[in-house]
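Q: structure-v3.cif is reproduced in full below (mmCIF, C-alpha atoms (C1' of nucleotides)).
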data_coords
loop_
_atom_site.label_atom_id
_atom_site.label_comp_id
_atom_site.auth_asym_id
_atom_site.auth_seq_id
_atom_site.Cartn_x
_atom_site.Cartn_y
_atom_site.Cartn_z
CA MET V 16 78.79 95.64 100.76
CA TYR V 17 79.11 99.41 100.53
CA TYR V 18 82.58 99.52 99.07
CA CYS V 19 82.97 103.22 99.72
CA PHE V 20 82.96 102.51 103.43
CA MET V 21 85.40 99.64 103.18
CA LYS V 22 88.55 100.18 105.17
CA LYS V 23 91.89 99.79 103.48
CA SER V 24 93.75 96.67 104.42
CA SER V 25 95.24 96.93 107.83
CA LEU V 26 97.91 99.48 108.60
CA TYR V 27 99.12 97.42 111.51
CA LYS V 28 100.63 94.80 109.23
CA GLY V 29 103.99 94.07 110.81
CA CYS V 30 103.02 95.64 114.15
CA LEU V 31 101.00 92.77 115.52
CA GLU V 32 103.94 90.99 117.11
CA PRO V 33 105.20 94.02 119.08
CA ILE V 34 101.60 94.78 120.09
CA LEU V 35 101.19 91.33 121.59
CA LEU V 36 104.57 91.50 123.29
CA ARG V 37 103.60 94.82 124.84
CA LEU V 38 100.31 93.41 126.10
CA LEU V 39 102.06 90.48 127.72
CA LYS V 40 104.69 92.77 129.22
CA ASP V 41 102.02 94.98 130.79
CA HIS V 42 99.46 92.40 131.82
CA GLY V 43 101.46 89.24 132.37
CA ARG V 44 99.68 85.97 131.71
CA MET V 45 96.99 86.25 129.05
CA TYR V 46 95.03 83.98 126.75
CA GLY V 47 94.47 84.60 123.08
CA TYR V 48 90.86 85.65 123.04
CA GLN V 49 91.56 87.97 125.96
CA MET V 50 94.26 89.69 123.90
CA THR V 51 91.88 90.42 121.05
CA GLN V 52 89.29 91.88 123.43
CA MET V 53 91.81 93.96 125.34
CA VAL V 54 93.28 95.44 122.16
CA LYS V 55 89.80 96.24 120.93
CA ASP V 56 88.99 97.93 124.26
CA ILE V 57 92.25 99.84 124.59
CA THR V 58 92.03 101.18 121.05
CA LYS V 59 88.33 102.03 121.37
CA GLY V 60 87.40 99.53 118.70
CA GLU V 61 90.02 100.61 116.16
CA LEU V 62 92.26 97.55 116.12
CA ASN V 63 90.53 94.24 115.64
CA ILE V 64 92.93 91.36 115.65
CA THR V 65 91.65 88.45 113.60
CA GLU V 66 92.02 84.93 114.87
CA GLY V 67 93.72 83.89 111.67
CA ALA V 68 96.48 86.39 112.43
CA LEU V 69 96.60 85.87 116.18
CA TYR V 70 96.89 82.15 116.75
CA PRO V 71 99.53 81.33 114.15
CA LEU V 72 101.63 84.21 115.48
CA LEU V 73 101.30 83.01 119.07
CA HIS V 74 102.34 79.54 117.96
CA LYS V 75 105.38 80.98 116.20
CA LEU V 76 106.36 82.94 119.29
CA GLU V 77 106.09 79.78 121.35
CA GLU V 78 108.27 77.84 118.91
CA GLN V 79 110.84 80.62 119.13
CA GLY V 80 110.87 80.49 122.92
CA ILE V 81 109.55 84.05 123.22
CA VAL V 82 106.46 82.92 125.10
CA GLU V 83 105.50 79.84 127.09
CA THR V 84 102.04 78.41 127.63
CA GLU V 85 99.84 76.85 130.26
CA THR V 86 96.51 75.36 129.35
CA GLU V 87 93.74 75.63 131.91
CA MET V 88 90.06 74.83 132.02
CA ASN V 89 87.57 77.59 132.73
CA GLY V 90 84.44 75.61 133.50
CA ASN V 91 84.32 73.29 130.51
CA ARG V 92 86.17 75.66 128.21
CA MET V 93 89.87 75.62 127.51
CA ARG V 94 92.07 78.62 127.89
CA LYS V 95 95.67 78.64 126.74
CA TYR V 96 97.59 81.18 128.74
CA TYR V 97 100.67 82.81 127.29
CA SER V 98 103.46 84.56 129.16
CA LEU V 99 106.84 85.96 128.23
CA THR V 100 109.91 83.86 128.82
CA LYS V 101 113.12 85.44 130.01
CA ALA V 102 114.32 85.61 126.41
CA GLY V 103 110.90 86.98 125.50
CA LYS V 104 111.28 89.85 127.94
CA LYS V 105 114.60 90.79 126.38
CA GLN V 106 113.07 90.57 122.92
CA THR V 107 110.17 92.71 124.06
CA ASN V 108 112.47 95.49 125.18
CA ILE V 109 114.14 95.50 121.79
CA ALA V 110 110.78 95.43 120.04
CA MET V 111 109.54 98.36 122.13
CA ASP V 112 112.56 100.46 121.22
CA GLU V 113 111.91 99.69 117.57
CA MET V 114 108.24 100.54 117.96
CA LYS V 115 109.00 103.89 119.55
CA ALA V 116 111.44 104.74 116.77
CA PHE V 117 108.86 103.69 114.23
CA MET V 118 106.13 105.77 115.84
CA GLN V 119 108.44 108.78 115.98
CA SER V 120 109.16 108.30 112.28
CA LEU V 121 105.46 108.27 111.51
CA GLU V 122 105.08 111.48 113.51
CA TYR V 123 107.88 113.10 111.51
CA ILE V 124 106.02 112.25 108.34
CA VAL V 125 102.41 112.86 109.32
CA ASN V 126 103.03 115.89 111.54
CA PRO V 127 106.24 117.40 110.13
CA LYS V 128 105.86 120.81 111.78
CA ILE V 129 105.03 119.48 115.22
CA ALA V 130 107.73 116.84 115.00
CA LEU V 131 110.40 119.36 114.07
CA GLY V 132 109.50 121.71 116.93
CA MET J 24 125.54 87.35 109.64
CA TYR J 25 125.30 88.16 113.34
CA TYR J 26 121.70 87.13 113.76
CA CYS J 27 121.45 88.73 117.18
CA PHE J 28 121.91 92.16 115.62
CA MET J 29 119.48 91.58 112.79
CA LYS J 30 116.57 93.98 112.72
CA LYS J 31 113.12 92.53 112.60
CA SER J 32 111.38 92.96 109.29
CA SER J 33 109.99 96.41 108.79
CA LEU J 34 107.15 97.69 110.92
CA TYR J 35 106.02 100.08 108.22
CA LYS J 36 104.59 97.20 106.22
CA GLY J 37 101.12 98.49 105.41
CA CYS J 38 101.97 102.15 106.00
CA LEU J 39 103.96 102.80 102.86
CA GLU J 40 101.05 103.98 100.77
CA PRO J 41 99.82 106.62 103.26
CA ILE J 42 103.43 107.72 103.76
CA LEU J 43 103.85 108.38 100.05
CA LEU J 44 100.48 110.11 99.82
CA ARG J 45 101.47 112.38 102.69
CA LEU J 46 104.77 113.24 101.03
CA LEU J 47 103.03 114.16 97.80
CA LYS J 48 100.43 116.18 99.67
CA ASP J 49 103.14 118.19 101.46
CA HIS J 50 105.70 118.55 98.70
CA GLY J 51 103.70 118.38 95.50
CA ARG J 52 105.46 116.96 92.48
CA MET J 53 108.13 114.40 93.38
CA TYR J 54 110.05 111.60 91.71
CA GLY J 55 110.55 108.15 93.18
CA TYR J 56 114.16 108.33 94.24
CA GLN J 57 113.50 111.71 95.80
CA MET J 58 110.78 110.16 97.94
CA THR J 59 113.13 107.52 99.31
CA GLN J 60 115.73 110.15 100.18
CA MET J 61 113.25 112.53 101.74
CA VAL J 62 111.74 109.81 103.92
CA LYS J 63 115.22 108.77 105.01
CA ASP J 64 116.07 112.38 105.86
CA ILE J 65 112.83 113.19 107.64
CA THR J 66 113.02 110.05 109.76
CA LYS J 67 116.72 110.52 110.53
CA GLY J 68 117.63 107.33 108.71
CA GLU J 69 114.98 105.15 110.34
CA LEU J 70 112.73 104.42 107.37
CA ASN J 71 114.44 103.15 104.27
CA ILE J 72 112.01 102.49 101.48
CA THR J 73 113.24 99.79 99.16
CA GLU J 74 112.90 100.19 95.43
CA GLY J 75 111.12 96.88 95.14
CA ALA J 76 108.39 98.24 97.39
CA LEU J 77 108.34 101.77 96.02
CA TYR J 78 108.06 101.47 92.27
CA PRO J 79 105.37 98.77 92.06
CA LEU J 80 103.30 100.77 94.56
CA LEU J 81 103.68 103.98 92.56
CA HIS J 82 102.62 102.11 89.43
CA LYS J 83 99.57 100.76 91.25
CA LEU J 84 98.62 104.25 92.43
CA GLU J 85 98.92 105.52 88.88
CA GLU J 86 96.71 102.73 87.57
CA GLN J 87 94.15 103.62 90.21
CA GLY J 88 94.18 107.27 89.21
CA ILE J 89 95.49 108.38 92.59
CA VAL J 90 98.62 109.89 91.05
CA GLU J 91 99.58 111.11 87.59
CA THR J 92 103.05 111.26 86.08
CA GLU J 93 105.30 113.41 83.95
CA THR J 94 108.62 112.13 82.73
CA GLU J 95 111.43 114.63 82.41
CA MET J 96 115.11 114.51 81.64
CA ASN J 97 117.58 115.82 84.16
CA GLY J 98 120.73 116.06 82.08
CA ASN J 99 120.84 112.60 80.57
CA ARG J 100 118.93 110.95 83.38
CA MET J 101 115.24 110.32 83.44
CA ARG J 102 113.03 111.41 86.27
CA LYS J 103 109.42 110.34 86.53
CA TYR J 104 107.51 112.90 88.52
CA TYR J 105 104.41 111.93 90.45
CA SER J 106 101.67 114.20 91.70
CA LEU J 107 98.28 113.67 93.28
CA THR J 108 95.20 113.81 91.09
CA LYS J 109 92.02 115.40 92.37
CA ALA J 110 90.77 111.94 93.35
CA GLY J 111 94.18 111.31 94.91
CA LYS J 112 93.84 114.34 97.16
CA LYS J 113 90.50 113.10 98.42
CA GLN J 114 91.97 109.65 98.98
CA THR J 115 94.90 111.21 100.83
CA ASN J 116 92.61 112.97 103.28
CA ILE J 117 90.90 109.68 104.05
CA ALA J 118 94.24 107.92 104.39
CA MET J 119 95.51 110.60 106.77
CA ASP J 120 92.48 110.21 109.02
CA GLU J 121 93.09 106.48 109.09
CA MET J 122 96.76 107.00 109.84
CA LYS J 123 96.03 109.32 112.76
CA ALA J 124 93.56 106.83 114.22
CA PHE J 125 96.12 104.09 113.76
CA MET J 126 98.88 106.11 115.42
CA GLN J 127 96.57 106.92 118.31
CA SER J 128 95.86 103.22 118.69
CA LEU J 129 99.56 102.46 118.83
CA GLU J 130 99.94 105.15 121.48
CA TYR J 131 97.18 103.59 123.54
CA ILE J 132 99.02 100.30 123.44
CA VAL J 133 102.63 101.39 123.79
CA ASN J 134 102.03 104.26 126.24
CA PRO J 135 98.85 103.24 128.03
CA LYS J 136 99.21 105.64 130.97
CA ILE J 137 100.03 108.69 128.86
CA ALA J 138 97.32 107.89 126.36
CA LEU J 139 94.68 107.52 129.07
CA GLY J 140 95.52 110.86 130.72
"C1'" DA Q 14 139.67 102.62 87.45
"C1'" DA Q 15 136.55 101.47 90.80
"C1'" DA Q 16 133.14 102.49 93.98
"C1'" DT Q 17 129.21 105.04 95.16
"C1'" DA Q 18 125.18 107.74 94.07
"C1'" DT Q 19 121.41 108.69 91.10
"C1'" DA Q 20 117.26 106.80 88.67
"C1'" DC Q 21 114.37 103.74 86.80
"C1'" DA Q 22 112.23 98.73 86.50
"C1'" DT Q 23 110.81 93.86 87.45
"C1'" DA Q 24 110.88 88.88 89.05
"C1'" DA Q 25 111.12 85.52 92.70
"C1'" DT Q 26 110.38 84.87 97.26
"C1'" DT Q 27 108.91 85.64 101.96
"C1'" DT Q 28 106.23 87.64 105.45
"C1'" DT Q 29 102.02 88.64 107.26
"C1'" DC Q 30 97.87 89.47 106.95
"C1'" DT Q 31 92.36 88.34 105.57
"C1'" DT Q 32 88.80 85.28 104.80
"C1'" DA Q 33 86.74 81.08 105.35
"C1'" DT Q 34 86.09 77.04 107.74
"C1'" DG Q 35 85.88 73.80 111.62
"C1'" DT Q 36 85.14 72.24 116.55
"C1'" DA Q 37 83.01 73.03 120.96
"C1'" DT Q 38 80.80 75.21 125.20
"C1'" DA Q 39 77.85 78.97 127.37
"C1'" DG Q 40 74.36 82.26 127.64
"C1'" DG Q 41 70.55 85.01 126.09
"C1'" DT Q 42 66.23 85.49 123.61
"C1'" DA Q 43 62.36 84.96 120.38
"C1'" DT K 11 62.86 74.68 121.51
"C1'" DA K 12 65.57 76.85 118.27
"C1'" DC K 13 68.53 80.32 117.07
"C1'" DC K 14 71.87 83.74 117.66
"C1'" DT K 15 75.78 85.66 119.85
"C1'" DA K 16 79.79 85.26 122.67
"C1'" DT K 17 83.62 82.65 124.24
"C1'" DA K 18 87.76 79.82 122.94
"C1'" DC K 19 90.67 77.33 120.35
"C1'" DA K 20 92.73 75.89 115.51
"C1'" DT K 21 94.08 75.70 110.56
"C1'" DA K 22 93.93 76.17 105.39
"C1'" DA K 23 93.58 78.92 101.20
"C1'" DG K 24 94.35 83.09 99.28
"C1'" DA K 25 95.74 87.99 98.97
"C1'" DA K 26 98.53 91.87 100.10
"C1'" DA K 27 102.68 93.97 100.67
"C1'" DA K 28 106.89 93.77 101.73
"C1'" DT K 29 112.28 91.91 100.92
"C1'" DT K 30 115.88 90.41 98.14
"C1'" DA K 31 118.03 89.98 93.95
"C1'" DT K 32 118.78 91.40 89.50
"C1'" DG K 33 119.04 94.40 85.46
"C1'" DT K 34 119.93 98.82 82.80
"C1'" DA K 35 122.13 103.28 82.54
"C1'" DT K 36 124.30 107.84 83.76
"C1'" DA K 37 126.97 110.90 87.10
"C1'" DT K 38 130.08 111.77 90.66
"C1'" DT K 39 133.55 110.86 93.93
"C1'" DT K 40 137.74 108.54 95.51
#
Turn the structure described in the file into structure tokens.

A:
Amino acid sequence: MYYCFMKKSSLYKGCLEPILLRLLKDHGRMYGYQMTQMVKDITKGELNITEGALYPLLHKLEEQGIVETETEMNGNRMRKYYSLTKAGKKQTNIAMDEMKAFMQSLEYIVNPKIALG
Amino acid sequence: MYYCFMKKSSLYKGCLEPILLRLLKDHGRMYGYQMTQMVKDITKGELNITEGALYPLLHKLEEQGIVETETEMNGNRMRKYYSLTKAGKKQTNIAMDEMKAFMQSLEYIVNPKIALG
DNA sequence: AAATATACATAATTTTCTTATGTATAGGTA
DNA sequence: TACCTATACATAAGAAAATTATGTATATTT
């Protein structure tokens, strides 16, 4: 382990939920593994969602009625598809507003001159 | 408590350290309370750093040799000024690169069309 | 006189990850 | 054939990084 190349612990702590909501809003019905691959693709390999973070969060969202699931077989392999409920769509809109405000705040801090212009 | 108006827990979880490093890089010597106020100002009230998050983090950064401190009296009130060490400046550059990559990733997810253009 | 602002600090708790582990099928390759 | 990687789910233990609550003390405003 070359510690000098080790990345700091993830910056996206706290952002995973809105990220998943956004994915489901844009792409509709998705299964967990598909989400991890799509995020990896979209971010050009930057964001790698771990399974230990993903699945418990999806289960929580289901409990809260934010998403609903359908389990299907793909050949002999199970896929659990998630999609936003009506309440989930409302929640997603709120979460997206918060995300945009948050991203603007980061811009203000990281690019103060540009942000003030 | 009107739960429907409750904000979700903070998105900046995980970003606080790079935020503080950026502040110190831009403004030099600062004390803790000043950092909270400046972040609140810069972000137009969006990001409110709690003391319970701030002070333990500053102490950790000092332990790690990222920042160094000078305590001064302002009238009868103490102020503990923090500034980046040489190692801290290096670390800040790395952290800023990571932050920019992270922010770009968020853009890709939240504004897929714009980001792809 | 009381409330708010300034200025630090820390403990208990909660949230939210990482890491490790487990199960199982499918496909590629040495 | 055996092994590795990818696909696809799940959960437990532990760590990281906040929130919330509390404490001390001075200064300013109402």

Q: Considering all atoms listed in the file, can you say which of V:Tyr48, V:Phe117, V:Tyr97, V:Tyr123 comes closest to chain K?

A: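 Of the candidates, the smallest distance to chain K is held by V:Tyr48.
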
Q: Counting all atoms listed in the file, which residues of chain Q come no farther than 10 Å from chain J, as a PyMOL selection string?

A: chain Q and resi 19-23+28-30

Q: Any chance you can output those residues with C-alpha atoms (C1' of nucleotides) as a short mmCIF file (atom, residue, chain, number, x, y, z; two decimals), in the coordinates of the input?

A:
data_model
loop_
_atom_site.label_atom_id
_atom_site.label_comp_id
_atom_site.auth_asym_id
_atom_site.auth_seq_id
_atom_site.Cartn_x
_atom_site.Cartn_y
_atom_site.Cartn_z
"C1'" DT Q 19 121.41 108.69 91.10
"C1'" DA Q 20 117.26 106.80 88.67
"C1'" DC Q 21 114.37 103.74 86.80
"C1'" DA Q 22 112.23 98.73 86.50
"C1'" DT Q 23 110.81 93.86 87.45
"C1'" DT Q 28 106.23 87.64 105.45
"C1'" DT Q 29 102.02 88.64 107.26
"C1'" DC Q 30 97.87 89.47 106.95
#

Q: Taking the file as shown, what set of residues would the PyMOL selection byres ((chain J) within 8 of (chain V)) give back, as a list in words?

A: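 This file gives the following for the PyMOL selection byres ((chain J) within 8 of (chain V)): Ser32, Ser33, Leu34, Tyr35, Lys36, Gly37, Cys38, Ile42, Arg45, Leu46, Val62, Ile65, Thr66, Glu69, Leu70, Met119, Met122, Ala124, Phe125, Met126, Gln127, Ser128, Leu129, Tyr131, Ile132 and Val133 of chain J.
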
Q: When the PyMOL selection byres ((chain Q and resi 41) around 9) is applied to the structure above, which residues does it catch, written out as a list in words?

A: DG40 and DT42 of chain Q; DC14 and DT15 of chain K

Q: Report the residues retrieved by the PyMOL selection byres ((chain Q and resi 14) around 12) from the displayed file, expressed as a list in words.

A: DA15 and DA16 of chain Q; DT40 of chain K

Q: Pick out the closest residue to chain J from this set: K:DT11, K:DA22, K:DT36, K:DA16. Count only C-alpha atoms (C1' of nucleotides).

A: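 The answer is K:DT36, which sits nearest to chain J.
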